[in-house]
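Everything below belongs to query_39.tsv, which stores TSV, C-alpha atoms.
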chain	number	residue	atom	x	y	z
A	1	MET	CA	8.41	24.73	-12.54
A	2	ALA	CA	5.09	24.63	-10.86
A	3	ILE	CA	3.40	24.40	-7.54
A	4	THR	CA	2.29	20.82	-7.00
A	5	ASN	CA	0.23	19.36	-4.25
A	6	ASN	CA	0.35	15.83	-2.88
A	7	ARG	CA	-2.02	14.40	-0.29
A	8	VAL	CA	-1.56	11.02	1.35
A	9	LEU	CA	-3.26	9.18	4.18
A	10	ARG	CA	-0.68	7.66	6.50
A	11	LEU	CA	-1.85	4.69	8.55
A	12	THR	CA	0.50	3.58	11.29
A	13	PHE	CA	0.10	0.21	12.96
A	14	THR	CA	1.86	-1.16	15.99
A	15	THR	CA	3.50	-4.56	15.72
A	16	ALA	CA	3.89	-7.37	18.22
A	17	GLY	CA	7.56	-6.45	18.71
A	18	GLY	CA	6.69	-2.90	19.74
A	19	LYS	CA	7.65	-1.33	16.42
A	20	THR	CA	5.45	0.33	13.84
A	21	LEU	CA	4.42	-0.28	10.25
A	22	ALA	CA	3.22	2.64	8.17
A	23	VAL	CA	1.06	2.24	5.08
A	24	THR	CA	0.26	5.25	2.94
A	25	VAL	CA	-2.80	5.59	0.73
A	26	PRO	CA	-2.52	8.09	-2.14
A	27	ASN	CA	-5.08	10.86	-2.70
A	28	PRO	CA	-7.47	10.09	0.17
A	29	LYS	CA	-11.13	11.01	-0.06
A	30	THR	CA	-11.95	14.39	1.41
A	31	GLY	CA	-13.77	14.52	4.70
A	32	LEU	CA	-12.75	11.05	5.88
A	33	LEU	CA	-14.06	10.23	9.32
A	34	GLN	CA	-11.92	8.71	12.04
A	35	ALA	CA	-14.38	5.82	12.40
A	36	GLU	CA	-14.20	4.90	8.69
A	37	VAL	CA	-10.41	4.75	8.70
A	38	MET	CA	-10.30	2.84	11.96
A	39	ALA	CA	-12.73	0.28	10.53
A	40	VAL	CA	-10.43	-0.33	7.55
A	41	MET	CA	-7.37	-0.58	9.79
A	42	ASN	CA	-9.12	-3.06	12.07
A	43	THR	CA	-10.06	-5.14	9.01
A	44	ILE	CA	-6.40	-5.29	8.02
A	45	ILE	CA	-5.31	-6.19	11.55
A	46	THR	CA	-7.92	-8.96	11.81
A	47	SER	CA	-7.14	-10.39	8.39
A	48	ASP	CA	-3.56	-10.89	9.66
A	49	ILE	CA	-1.90	-10.70	6.24
A	50	PHE	CA	1.25	-8.85	7.31
A	51	LEU	CA	4.21	-10.41	9.08
A	52	THR	CA	6.94	-7.85	9.68
A	53	SER	CA	10.39	-8.53	11.10
A	54	SER	CA	8.98	-7.51	14.48
A	55	GLY	CA	5.84	-9.64	14.32
A	56	ALA	CA	2.23	-9.30	13.26
A	57	LEU	CA	0.13	-6.14	13.49
A	58	THR	CA	-1.46	-5.62	16.88
A	59	GLY	CA	-3.14	-2.23	16.91
A	60	ILE	CA	-3.63	1.26	15.57
A	61	ARG	CA	-0.90	3.76	16.34
A	62	ASP	CA	-1.69	6.81	14.26
A	63	ILE	CA	-3.86	8.12	11.41
A	64	LYS	CA	-2.81	11.26	9.57
A	65	VAL	CA	-3.71	13.00	6.34
A	66	VAL	CA	-0.48	14.60	5.13
A	67	ASP	CA	-0.68	17.40	2.58
A	68	THR	CA	2.58	18.41	0.89
A	69	THR	CA	2.88	21.49	-1.28
A	70	THR	CA	5.97	21.69	-3.44
A	71	ASP	CA	7.01	24.87	-5.20
A	72	ASP	CA	9.52	23.85	-7.84
A	73	LEU	CA	11.57	26.94	-8.61
A	74	TYR	CA	14.15	25.45	-10.94
A	75	ASP	CA	14.23	22.81	-13.63
A	76	PRO	CA	17.51	21.80	-15.23
A	77	PRO	CA	17.87	23.11	-18.80
A	78	GLU	CA	16.84	20.69	-21.54
A	79	ALA	CA	19.83	18.86	-22.99
B	1	MET	CA	18.52	-34.85	-4.69
B	2	ALA	CA	15.32	-32.94	-4.93
B	3	VAL	CA	14.68	-29.25	-5.10
B	4	VAL	CA	12.56	-27.94	-2.26
B	5	SER	CA	10.82	-24.59	-2.37
B	6	THR	CA	10.43	-22.57	0.80
B	7	PRO	CA	7.94	-19.69	0.78
B	8	LEU	CA	9.42	-16.32	1.74
B	9	ASN	CA	7.71	-13.03	2.49
B	10	SER	CA	5.53	-11.95	-0.39
B	11	THR	CA	4.35	-8.65	-1.80
B	12	LEU	CA	0.88	-7.32	-2.43
B	13	VAL	CA	0.79	-4.92	-5.36
B	14	VAL	CA	-2.20	-2.70	-6.07
B	15	ALA	CA	-2.38	-0.96	-9.45
B	16	TYR	CA	-4.56	2.14	-9.42
B	17	GLN	CA	-5.53	4.76	-11.95
B	18	THR	CA	-4.43	8.33	-11.28
B	19	GLY	CA	-5.88	9.96	-14.36
B	20	GLU	CA	-6.03	9.88	-18.11
B	21	THR	CA	-3.66	11.11	-20.79
B	22	SER	CA	-4.84	13.68	-23.31
B	23	VAL	CA	-5.84	10.87	-25.67
B	24	GLY	CA	-7.83	9.05	-23.00
B	25	ALA	CA	-5.44	6.26	-22.06
B	26	PRO	CA	-5.39	5.51	-18.33
B	27	ILE	CA	-2.38	6.57	-16.26
B	28	THR	CA	-1.71	3.90	-13.66
B	29	ARG	CA	0.53	3.73	-10.63
B	30	GLN	CA	1.42	0.81	-8.42
B	31	LYS	CA	1.55	0.56	-4.67
B	32	SER	CA	3.60	-2.27	-3.22
B	33	LEU	CA	3.07	-3.59	0.27
B	34	SER	CA	5.83	-5.92	1.39
B	35	ASP	CA	6.00	-8.02	4.55
B	36	VAL	CA	2.96	-10.01	3.46
B	37	ARG	CA	2.65	-13.41	5.12
B	38	ALA	CA	3.55	-16.23	2.74
B	39	ASN	CA	0.49	-18.20	3.81
B	40	ALA	CA	-2.03	-15.35	3.60
B	41	THR	CA	-5.22	-16.30	1.81
B	42	GLU	CA	-5.89	-14.71	-1.55
B	43	GLN	CA	-9.34	-13.63	-0.40
B	44	ALA	CA	-7.90	-11.79	2.61
B	45	LEU	CA	-5.32	-10.02	0.42
B	46	TYR	CA	-7.89	-8.93	-2.12
B	47	ASP	CA	-10.24	-7.70	0.60
B	48	ALA	CA	-7.42	-5.78	2.32
B	49	ALA	CA	-6.42	-4.10	-0.95
B	50	GLN	CA	-10.01	-3.09	-1.64
B	51	ALA	CA	-10.52	-1.88	1.94
B	52	LEU	CA	-7.36	0.22	1.81
B	53	PHE	CA	-8.28	1.85	-1.48
B	54	SER	CA	-11.85	2.48	-0.38
B	55	LEU	CA	-10.20	5.40	1.46
B	56	SER	CA	-8.67	6.75	-1.74
B	57	GLN	CA	-10.21	8.66	-4.62
B	58	TYR	CA	-8.24	6.57	-7.11
B	59	PRO	CA	-9.97	3.48	-8.53
B	60	VAL	CA	-8.20	0.12	-8.24
B	61	ILE	CA	-7.31	-1.44	-11.60
B	62	ASP	CA	-5.52	-4.63	-10.56
B	63	VAL	CA	-4.55	-6.47	-7.43
B	64	LEU	CA	-1.36	-8.48	-7.86
B	65	TYR	CA	0.16	-11.01	-5.49
B	66	ARG	CA	3.91	-11.53	-5.83
B	67	LYS	CA	5.04	-14.67	-4.09
B	68	ASN	CA	8.69	-15.38	-3.46
B	69	PHE	CA	10.05	-18.87	-3.01
B	70	GLU	CA	13.54	-19.96	-2.18
B	71	LEU	CA	14.69	-23.08	-4.04
B	72	THR	CA	17.15	-25.32	-2.30
B	73	ASN	CA	18.62	-28.64	-3.36
B	74	GLU	CA	18.38	-31.23	-0.62
How does the structure come out when it is put into structure tokens?
Amino acid sequence: MAITNNRVLRLTFTTAGGKTLAVTVPNPKTGLLQAEVMAVMNTIITSDIFLTSSGALTGIRDIKVVDTTTDDLYDPPEA
Amino acid sequence: MAVVSTPLNSTLVVAYQTGETSVGAPITRQKSLSDVRANATEQALYDAAQALFSLSQYPVIDVLYRKNFELTNE
């Protein structure tokens, strides 16, 4: 029974097969710059450690900071 | 008759600390990234985990590498 807040950074990559792979990072630093995030994503693409069912990572698709506020109005009674 | 192991897709697991309990013990969470190449170098995996969490306020506690192998009898 509380208002909780959850922030994640969602990094979306494109794959060789034309699909996407999303990686979320919990509790991102405030005031992240586009260039900083892109640098990290490019490092991951160059290191070539992922192999999805639709191929390796090829590029950056999307970068979003997602902030979710949840107002929990009901908790089940304690047993 | 010999058992052969074939590497399958592996998982990179990053353990990070989200806070402390009232008595000061760390609270940790784990983030699993699947679809990791079976032949990825350990250095590249470690660097990628550190790079990813350089964007987060949570400190990294451990970087784990879970390899999967399929055993077949040939």
Considering all atoms listed in the file, extract the chain B residues located within 8 Å of chain A and return them as number ranges by chain. B: 9, 33, 35-37, 40-41, 44-45, 48, 51-53, 55-58
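In this model, the gap between CA of Glu42 in chain B and CA of Val60 in chain B comes to 16.4 Å.
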Figure out the distance between CA of Thr18 in chain B and CA of Pro59 in chain B, please, to one decimal in Å. 7.9 Å
Can you work out the spacing between CA of Val13 in chain B and CA of Arg29 in chain B in Å, to one decimal?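 Separation of CA of Val13 in chain B and CA of Arg29 in chain B: 10.1 Å.
Counting only C-alpha atoms and comparing B:Ser54, B:Gln43, B:Thr72, B:Gln30, the residue that lies closest to Tyr16 in chain B is B:Gln30.
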Can you list, as a ChimeraX atom specification, every protein, DNA or RNA residue that comes within 8 Å of Asn68 in chain B when you count all atoms listed in the file, leaving out same-chain residues fewer than 2 positions away? /B:7-10,66,70
